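Asks: Dropping the structure in here first, questions after.
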Amino acid sequence: MSHSFLEQLWIARYVIINGLGVTVSISLLAILAGSIVGVFVGLALVYGGAILRLLIRAYTDIIRGTPVLVLVLASYYVSSAVGLDLGPFSAGILALAIFCSSHVGEIVRGALQAIPKGQTEAAKAIGLTFTQTFTSVLWPQAMRQCLPAWVNTAAEMVKASTLLSVIGVAELLLRTQEIISRNFMSLQFYFLAGGLYFIVNFGIERFGKYVERKTALPS
């Protein structure tokens with residue numbers, strides 16, 4: 001190649017920034033939506049009635065056992081077939097959020113079941129409603145146990161976002177491939193993309209550590 005990597009990087013800077021922005025946006029939206037739904041999934045698994053628990057258990061087992069790529073393709077093509085007509089961006093968020101919710105649901109379930117039942121009974125004894133018990137007694141304790149596993153799940157969502165290129169989402173990997181198709185600098189630009197994915201996941205890890213410090217019990 002007659003042009004150096006730095007020259008090609010400067011030419012492609014806006015394409016890379018745009019791809020990174022799409023990756024971060026999709027990942028954050030999927031993590032947020034998946035975490036919110038996952039909390040309710042975990043609650044249903046622990047406190048729901050028998051039928052609800054059975055349905056939610058089937059949901060989590062099926063989703064966790066399904067490859068993310070299959071979920072991505074199903075969210076895009078099946079949604080169109082049933083008239084939802086989701087674009088690639090929305091379908092990608094839906095697929096990742098569904099996958100995230102099943103994992104977060106299991107994380108929340110495990111954390112809630114690890115809390116001694118005596119605390120729930122004590123809360124009932126002093127007249128707290130279930131909502132008050134959950135927000136004031138159960139969730140603060142469960143969140144501390146959830147954080148490490150949640151950080152891992154969030155990082156997995158960032159890595160899974162690379163699969164959205166198959167439905168045409170212009171995220172970082174697809175943009176990188178487009179750049180490579182023009183300059184043939186595969187090693188350099190794939191290495192750069194890997195470094196950018198690492199930075200995003202490192203930021204998630206640091207955020208998790210920050211929240212963990214803020215919610216830690218005083219020693």
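Naming works like this for the structure tokens: A, B, ... for the chains as they're shown, residue 1 at the start of each chain, ligands 1 onward in shown order.
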Neighbouring residues of Thr162 (chain A) were defined as those with any atom within 10 Å, considering only C-alpha atoms; residues of the same chain fewer than 5 positions away were excluded. Please report them as a list in words.
Replies: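 Residues near the query, excluding close chain neighbours: Thr23, Leu69, Met157, Val169, Ala170, Glu171, Leu172, Leu173, Leu174 and Tyr197 of chain A.
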Asks: Take the selection from the previous step and output its residues with C-alpha atoms, as a compact mmCIF listing (two decimals), in the first residue's frame.
Replies:
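And here's out36.txt as it stands now:
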```txt
# COMPACT_ATOMS: atom_id res chain seq x y z
CA THR A 23 -22.06 0.20 18.75
CA LEU A 69 -27.26 -14.73 15.92
CA MET A 157 -23.81 -7.46 24.95
CA VAL A 169 -26.52 -2.37 11.19
CA ALA A 170 -23.60 -0.03 10.52
CA GLU A 171 -21.83 -0.73 13.81
CA LEU A 172 -18.08 -0.71 14.36
CA LEU A 173 -17.29 -4.13 12.87
CA LEU A 174 -19.24 -3.52 9.65
CA TYR A 197 -14.16 -2.75 21.85
```
Asks: Just want the 9 Å neighbourhood of region 186-196 of chain A, counted on only C-alpha atoms, with same-chain residues fewer than 2 positions away dropped. Output as a VMD selection string.
Replies: chain A and resid 5 9 16 20 172 to 173 176 to 177 179 to 181 183 to 184 198 to 201
Asks: Go through A:Pro116, A:Gly21, A:Pro67, A:Gly110 one by one, measure the shortest atom-to-atom distance of each to Leu45 (chain A) using only C-alpha atoms, and give the residue with the smallest value.
Replies: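 Ranking A:Pro116, A:Gly21, A:Pro67, A:Gly110 by distance to Leu45 (chain A), first place goes to A:Gly110.
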Asks: Rank nothing, just name the residue among A:Ser75, A:Ser102, A:Ser90, A:Thr215 nearest to Ile26 (chain A), using only C-alpha atoms.
Replies: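 Of all the options, A:Ser90 lies closest to Ile26 (chain A).
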Asks: Please extract the residues of region 99-128 of chain A with a backbone DSSP assignment of helix (DSSP H, G or I) and present them as a VMD selection string.
Replies: chain A and resid 99 to 113 117 to 125
Asks: Next, write the just-selected residues to a file, as a PDB file, in the first residue's frame, keeping N, CA and C atoms as the atom set.
Replies:
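The resulting file, again.pdb, is shown below:
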```
ATOM      1  N   PHE A  99     -32.035 -11.162  24.877  1.00  0.00           N
ATOM      2  CA  PHE A  99     -30.966 -12.045  25.362  1.00  0.00           C
ATOM      3  C   PHE A  99     -30.447 -11.574  26.722  1.00  0.00           C
ATOM      4  N   CYS A 100     -30.267 -10.264  26.859  1.00  0.00           N
ATOM      5  CA  CYS A 100     -29.783  -9.696  28.112  1.00  0.00           C
ATOM      6  C   CYS A 100     -30.770  -9.946  29.245  1.00  0.00           C
ATOM      7  N   SER A 101     -32.080  -9.800  28.968  1.00  0.00           N
ATOM      8  CA  SER A 101     -33.091  -9.953  30.019  1.00  0.00           C
ATOM      9  C   SER A 101     -33.100 -11.356  30.605  1.00  0.00           C
ATOM     10  N   SER A 102     -32.864 -12.368  29.764  1.00  0.00           N
ATOM     11  CA  SER A 102     -32.861 -13.740  30.280  1.00  0.00           C
ATOM     12  C   SER A 102     -31.692 -13.975  31.230  1.00  0.00           C
ATOM     13  N   HIS A 103     -30.548 -13.402  30.911  1.00  0.00           N
ATOM     14  CA  HIS A 103     -29.379 -13.566  31.782  1.00  0.00           C
ATOM     15  C   HIS A 103     -29.515 -12.737  33.052  1.00  0.00           C
ATOM     16  N   VAL A 104     -29.974 -11.491  32.912  1.00  0.00           N
ATOM     17  CA  VAL A 104     -30.165 -10.649  34.092  1.00  0.00           C
ATOM     18  C   VAL A 104     -31.229 -11.256  35.001  1.00  0.00           C
ATOM     19  N   GLY A 105     -32.283 -11.841  34.415  1.00  0.00           N
ATOM     20  CA  GLY A 105     -33.319 -12.489  35.214  1.00  0.00           C
ATOM     21  C   GLY A 105     -32.754 -13.595  36.086  1.00  0.00           C
ATOM     22  N   GLU A 106     -31.862 -14.396  35.525  1.00  0.00           N
ATOM     23  CA  GLU A 106     -31.241 -15.464  36.309  1.00  0.00           C
ATOM     24  C   GLU A 106     -30.316 -14.902  37.382  1.00  0.00           C
ATOM     25  N   ILE A 107     -29.628 -13.824  37.049  1.00  0.00           N
ATOM     26  CA  ILE A 107     -28.742 -13.182  38.035  1.00  0.00           C
ATOM     27  C   ILE A 107     -29.556 -12.650  39.210  1.00  0.00           C
ATOM     28  N   VAL A 108     -30.661 -11.966  38.907  1.00  0.00           N
ATOM     29  CA  VAL A 108     -31.521 -11.410  39.949  1.00  0.00           C
ATOM     30  C   VAL A 108     -32.151 -12.524  40.773  1.00  0.00           C
ATOM     31  N   ARG A 109     -32.605 -13.560  40.102  1.00  0.00           N
ATOM     32  CA  ARG A 109     -33.203 -14.706  40.824  1.00  0.00           C
ATOM     33  C   ARG A 109     -32.213 -15.281  41.837  1.00  0.00           C
ATOM     34  N   GLY A 110     -30.995 -15.530  41.402  1.00  0.00           N
ATOM     35  CA  GLY A 110     -29.997 -16.085  42.307  1.00  0.00           C
ATOM     36  C   GLY A 110     -29.690 -15.166  43.476  1.00  0.00           C
ATOM     37  N   ALA A 111     -29.616 -13.853  43.195  1.00  0.00           N
ATOM     38  CA  ALA A 111     -29.310 -12.891  44.258  1.00  0.00           C
ATOM     39  C   ALA A 111     -30.447 -12.813  45.271  1.00  0.00           C
ATOM     40  N   LEU A 112     -31.693 -12.801  44.796  1.00  0.00           N
ATOM     41  CA  LEU A 112     -32.841 -12.710  45.702  1.00  0.00           C
ATOM     42  C   LEU A 112     -32.978 -13.967  46.545  1.00  0.00           C
ATOM     43  N   GLN A 113     -32.748 -15.114  45.948  1.00  0.00           N
ATOM     44  CA  GLN A 113     -32.883 -16.364  46.694  1.00  0.00           C
ATOM     45  C   GLN A 113     -31.759 -16.552  47.698  1.00  0.00           C
ATOM     46  N   LYS A 117     -34.723 -15.682  54.167  1.00  0.00           N
ATOM     47  CA  LYS A 117     -36.165 -15.436  54.160  1.00  0.00           C
ATOM     48  C   LYS A 117     -36.622 -14.679  55.393  1.00  0.00           C
ATOM     49  N   GLY A 118     -35.852 -14.777  56.459  1.00  0.00           N
ATOM     50  CA  GLY A 118     -36.215 -14.084  57.687  1.00  0.00           C
ATOM     51  C   GLY A 118     -36.324 -12.581  57.509  1.00  0.00           C
ATOM     52  N   GLN A 119     -35.566 -12.025  56.555  1.00  0.00           N
ATOM     53  CA  GLN A 119     -35.631 -10.580  56.335  1.00  0.00           C
ATOM     54  C   GLN A 119     -36.965 -10.181  55.710  1.00  0.00           C
ATOM     55  N   THR A 120     -37.457 -11.004  54.786  1.00  0.00           N
ATOM     56  CA  THR A 120     -38.773 -10.741  54.201  1.00  0.00           C
ATOM     57  C   THR A 120     -39.867 -10.871  55.250  1.00  0.00           C
ATOM     58  N   GLU A 121     -39.760 -11.875  56.086  1.00  0.00           N
ATOM     59  CA  GLU A 121     -40.762 -12.082  57.138  1.00  0.00           C
ATOM     60  C   GLU A 121     -40.744 -10.941  58.145  1.00  0.00           C
ATOM     61  N   ALA A 122     -39.538 -10.447  58.456  1.00  0.00           N
ATOM     62  CA  ALA A 122     -39.431  -9.321  59.386  1.00  0.00           C
ATOM     63  C   ALA A 122     -40.059  -8.059  58.797  1.00  0.00           C
ATOM     64  N   ALA A 123     -39.859  -7.864  57.489  1.00  0.00           N
ATOM     65  CA  ALA A 123     -40.453  -6.701  56.826  1.00  0.00           C
ATOM     66  C   ALA A 123     -41.977  -6.785  56.856  1.00  0.00           C
ATOM     67  N   LYS A 124     -42.518  -7.972  56.635  1.00  0.00           N
ATOM     68  CA  LYS A 124     -43.970  -8.161  56.713  1.00  0.00           C
ATOM     69  C   LYS A 124     -44.479  -7.883  58.125  1.00  0.00           C
ATOM     70  N   ALA A 125     -43.698  -8.302  59.105  1.00  0.00           N
ATOM     71  CA  ALA A 125     -44.107  -8.157  60.495  1.00  0.00           C
ATOM     72  C   ALA A 125     -44.236  -6.697  60.913  1.00  0.00           C
TER      73      ALA A 125
END
```
Asks: Give me, please, the distance in Å between CA of Ile98 (chain A) and CA of Gly38 (chain A), quoted to one decimal.
Replies: 8.7 Å
Asks: Can you work out which one of A:Ala160, A:Leu94, A:Ile51, A:Val41 has the shortest atom-to-atom distance to Tyr76 (chain A), counting only C-alpha atoms?
Replies: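 The answer is A:Leu94, which sits nearest to Tyr76 (chain A).
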Asks: Have a look at CA of Glu178 (chain A) and CA of Glu7 (chain A) and let me know their distance in Å, one decimal.
Replies: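 Atom-to-atom, CA of Glu178 (chain A) to CA of Glu7 (chain A), that is 16.3 Å.
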Asks: I'd like the contact shell of Ala91 (chain A) - 10 Å cut-off, only C-alpha atoms, skipping same-chain residues fewer than 2 positions apart - returned as a ChimeraX atom specification.
Replies: /A:71-80,84-89,93-97,164,167,169
Asks: Deliver the residues from the most recent selection as a file, using N, CA and C atoms, as a PDB file, in the first residue's frame.
Replies:
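again.pdb was written with the following content:
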```pdb
ATOM      1  N   LEU A  71     -31.346 -15.112  17.370  1.00  0.00           N
ATOM      2  CA  LEU A  71     -32.245 -14.086  17.898  1.00  0.00           C
ATOM      3  C   LEU A  71     -32.219 -12.823  17.037  1.00  0.00           C
ATOM      4  N   VAL A  72     -31.032 -12.473  16.585  1.00  0.00           N
ATOM      5  CA  VAL A  72     -30.894 -11.285  15.735  1.00  0.00           C
ATOM      6  C   VAL A  72     -31.659 -11.472  14.430  1.00  0.00           C
ATOM      7  N   LEU A  73     -31.461 -12.614  13.772  1.00  0.00           N
ATOM      8  CA  LEU A  73     -32.143 -12.879  12.508  1.00  0.00           C
ATOM      9  C   LEU A  73     -33.652 -12.971  12.705  1.00  0.00           C
ATOM     10  N   ALA A  74     -34.064 -13.619  13.813  1.00  0.00           N
ATOM     11  CA  ALA A  74     -35.504 -13.764  14.085  1.00  0.00           C
ATOM     12  C   ALA A  74     -36.135 -12.395  14.358  1.00  0.00           C
ATOM     13  N   SER A  75     -35.461 -11.554  15.134  1.00  0.00           N
ATOM     14  CA  SER A  75     -36.013 -10.235  15.448  1.00  0.00           C
ATOM     15  C   SER A  75     -36.198  -9.396  14.194  1.00  0.00           C
ATOM     16  N   TYR A  76     -35.291  -9.566  13.243  1.00  0.00           N
ATOM     17  CA  TYR A  76     -35.368  -8.758  12.024  1.00  0.00           C
ATOM     18  C   TYR A  76     -36.364  -9.318  11.012  1.00  0.00           C
ATOM     19  N   TYR A  77     -36.242 -10.604  10.710  1.00  0.00           N
ATOM     20  CA  TYR A  77     -37.060 -11.185   9.646  1.00  0.00           C
ATOM     21  C   TYR A  77     -38.454 -11.600  10.125  1.00  0.00           C
ATOM     22  N   VAL A  78     -38.542 -12.170  11.335  1.00  0.00           N
ATOM     23  CA  VAL A  78     -39.855 -12.583  11.835  1.00  0.00           C
ATOM     24  C   VAL A  78     -40.714 -11.370  12.143  1.00  0.00           C
ATOM     25  N   SER A  79     -40.119 -10.321  12.698  1.00  0.00           N
ATOM     26  CA  SER A  79     -40.894  -9.109  12.995  1.00  0.00           C
ATOM     27  C   SER A  79     -41.489  -8.517  11.715  1.00  0.00           C
ATOM     28  N   SER A  80     -40.740  -8.575  10.628  1.00  0.00           N
ATOM     29  CA  SER A  80     -41.270  -8.082   9.353  1.00  0.00           C
ATOM     30  C   SER A  80     -42.417  -8.948   8.864  1.00  0.00           C
ATOM     31  N   LEU A  84     -44.538  -6.028  12.114  1.00  0.00           N
ATOM     32  CA  LEU A  84     -43.941  -5.019  12.983  1.00  0.00           C
ATOM     33  C   LEU A  84     -43.027  -4.080  12.200  1.00  0.00           C
ATOM     34  N   ASP A  85     -42.388  -4.601  11.152  1.00  0.00           N
ATOM     35  CA  ASP A  85     -41.561  -3.789  10.259  1.00  0.00           C
ATOM     36  C   ASP A  85     -40.488  -3.002  11.027  1.00  0.00           C
ATOM     37  N   LEU A  86     -39.718  -3.717  11.846  1.00  0.00           N
ATOM     38  CA  LEU A  86     -38.625  -3.083  12.574  1.00  0.00           C
ATOM     39  C   LEU A  86     -37.427  -2.890  11.649  1.00  0.00           C
ATOM     40  N   GLY A  87     -36.785  -1.756  11.775  1.00  0.00           N
ATOM     41  CA  GLY A  87     -35.553  -1.537  11.038  1.00  0.00           C
ATOM     42  C   GLY A  87     -34.412  -2.321  11.657  1.00  0.00           C
ATOM     43  N   PRO A  88     -33.265  -2.387  10.973  1.00  0.00           N
ATOM     44  CA  PRO A  88     -32.121  -3.139  11.521  1.00  0.00           C
ATOM     45  C   PRO A  88     -31.697  -2.668  12.907  1.00  0.00           C
ATOM     46  N   PHE A  89     -31.684  -1.353  13.117  1.00  0.00           N
ATOM     47  CA  PHE A  89     -31.253  -0.810  14.418  1.00  0.00           C
ATOM     48  C   PHE A  89     -32.197  -1.268  15.526  1.00  0.00           C
ATOM     49  N   ILE A  93     -31.520  -3.983  18.688  1.00  0.00           N
ATOM     50  CA  ILE A  93     -31.724  -3.674  20.103  1.00  0.00           C
ATOM     51  C   ILE A  93     -32.671  -4.687  20.733  1.00  0.00           C
ATOM     52  N   LEU A  94     -33.754  -5.018  20.021  1.00  0.00           N
ATOM     53  CA  LEU A  94     -34.724  -5.987  20.537  1.00  0.00           C
ATOM     54  C   LEU A  94     -34.075  -7.337  20.809  1.00  0.00           C
ATOM     55  N   ALA A  95     -33.287  -7.821  19.858  1.00  0.00           N
ATOM     56  CA  ALA A  95     -32.644  -9.121  20.009  1.00  0.00           C
ATOM     57  C   ALA A  95     -31.685  -9.138  21.193  1.00  0.00           C
ATOM     58  N   LEU A  96     -30.845  -8.116  21.301  1.00  0.00           N
ATOM     59  CA  LEU A  96     -29.875  -8.071  22.397  1.00  0.00           C
ATOM     60  C   LEU A  96     -30.556  -7.860  23.739  1.00  0.00           C
ATOM     61  N   ALA A  97     -31.615  -7.055  23.755  1.00  0.00           N
ATOM     62  CA  ALA A  97     -32.337  -6.810  25.010  1.00  0.00           C
ATOM     63  C   ALA A  97     -33.008  -8.091  25.500  1.00  0.00           C
ATOM     64  N   LEU A 164     -24.730  -7.868  14.672  1.00  0.00           N
ATOM     65  CA  LEU A 164     -25.775  -7.085  14.013  1.00  0.00           C
ATOM     66  C   LEU A 164     -25.379  -6.653  12.604  1.00  0.00           C
ATOM     67  N   ILE A 167     -27.456  -8.056   9.631  1.00  0.00           N
ATOM     68  CA  ILE A 167     -28.738  -7.476   9.203  1.00  0.00           C
ATOM     69  C   ILE A 167     -28.559  -6.022   8.750  1.00  0.00           C
ATOM     70  N   VAL A 169     -26.745  -3.454  10.227  1.00  0.00           N
ATOM     71  CA  VAL A 169     -26.517  -2.374  11.186  1.00  0.00           C
ATOM     72  C   VAL A 169     -25.075  -1.884  11.029  1.00  0.00           C
TER      73      VAL A 169
END
```
Asks: Pick from A:Tyr210, A:Phe202, A:Phe130, A:Trp150: nearest to Ser35 (chain A), with only C-alpha atoms counted?
Replies: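 Ranked by minimum distance to Ser35 (chain A), first place goes to A:Trp150.
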Asks: Just want the 9 Å neighbourhood of Arg144 (chain A), counted on only C-alpha atoms, with same-chain residues fewer than 4 positions away dropped. Output as a list in words.
Replies: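 That gives Ala111, Trp139, Pro140, Pro148, Val211, Glu212, Thr215 and Ala216 of chain A.
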Asks: CA of Ala155 (chain A) and CA of Arg206 (chain A), how far apart in Å?
Replies: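 The value is 11.5 Å.
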Asks: What's around Ala154 (chain A) at 9 Å? Count only C-alpha atoms, leave out sequence neighbours fewer than 2 positions away in its own chain, and write the answer as a PyMOL selection string.
Replies: chain A and resi 27-28+30-31+100+149-152+156-159+201+204-205
Asks: Export, as a short mmCIF file (atom, residue, chain, number, x, y, z; two decimals), in the first residue's frame, the selected residues with N, CA, C and O atoms.
Replies:
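Okay, this is what ended up in result-v8.cif:
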```
data_model
loop_
_atom_site.label_atom_id
_atom_site.label_comp_id
_atom_site.auth_asym_id
_atom_site.auth_seq_id
_atom_site.Cartn_x
_atom_site.Cartn_y
_atom_site.Cartn_z
N SER A 27 -25.55 -0.98 22.31
CA SER A 27 -25.18 -1.73 23.51
C SER A 27 -25.84 -1.14 24.75
O SER A 27 -26.42 -1.87 25.57
N LEU A 28 -25.77 0.18 24.91
CA LEU A 28 -26.34 0.82 26.10
C LEU A 28 -27.86 0.65 26.14
O LEU A 28 -28.42 0.35 27.20
N ALA A 30 -29.66 -1.70 24.70
CA ALA A 30 -29.97 -3.12 24.93
C ALA A 30 -29.72 -3.50 26.38
O ALA A 30 -30.50 -4.23 26.99
N ILE A 31 -28.62 -3.01 26.94
CA ILE A 31 -28.30 -3.32 28.34
C ILE A 31 -29.35 -2.70 29.27
O ILE A 31 -29.81 -3.35 30.22
N CYS A 100 -30.27 -10.26 26.86
CA CYS A 100 -29.78 -9.70 28.11
C CYS A 100 -30.77 -9.95 29.25
O CYS A 100 -30.37 -10.29 30.36
N ALA A 149 -21.72 -10.17 38.09
CA ALA A 149 -22.31 -10.92 36.97
C ALA A 149 -22.96 -9.99 35.95
O ALA A 149 -22.93 -10.26 34.75
N TRP A 150 -23.56 -8.89 36.43
CA TRP A 150 -24.18 -7.93 35.52
C TRP A 150 -23.12 -7.29 34.63
O TRP A 150 -23.37 -7.09 33.42
N VAL A 151 -21.97 -6.96 35.17
CA VAL A 151 -20.89 -6.37 34.37
C VAL A 151 -20.47 -7.33 33.27
O VAL A 151 -20.26 -6.93 32.12
N ASN A 152 -20.34 -8.61 33.61
CA ASN A 152 -19.99 -9.61 32.60
C ASN A 152 -21.04 -9.68 31.50
O ASN A 152 -20.73 -9.78 30.31
N GLU A 156 -20.76 -8.80 27.49
CA GLU A 156 -21.18 -9.76 26.46
C GLU A 156 -22.10 -9.09 25.43
O GLU A 156 -22.07 -9.43 24.25
N MET A 157 -22.93 -8.15 25.88
CA MET A 157 -23.81 -7.46 24.95
C MET A 157 -23.01 -6.61 23.95
O MET A 157 -23.37 -6.52 22.78
N VAL A 158 -21.94 -5.99 24.43
CA VAL A 158 -21.09 -5.20 23.53
C VAL A 158 -20.48 -6.12 22.48
O VAL A 158 -20.46 -5.80 21.27
N LYS A 159 -19.97 -7.27 22.92
CA LYS A 159 -19.37 -8.21 21.96
C LYS A 159 -20.42 -8.78 21.02
O LYS A 159 -20.16 -8.98 19.83
N ASN A 201 -15.63 -1.94 26.81
CA ASN A 201 -15.86 -2.91 27.89
C ASN A 201 -15.10 -2.54 29.16
O ASN A 201 -15.58 -2.79 30.27
N ILE A 204 -17.24 -0.10 30.94
CA ILE A 204 -18.33 -0.77 31.65
C ILE A 204 -17.82 -1.39 32.95
O ILE A 204 -18.47 -1.28 34.00
N GLU A 205 -16.65 -1.99 32.88
CA GLU A 205 -16.08 -2.59 34.09
C GLU A 205 -15.80 -1.53 35.15
O GLU A 205 -16.10 -1.72 36.34
#
```
Asks: I'd like to know which of A:Ala114, A:Ser25, A:Gly19, A:Lys209 is closest to Gly168 (chain A), using only C-alpha atoms.
Replies: A:Gly19
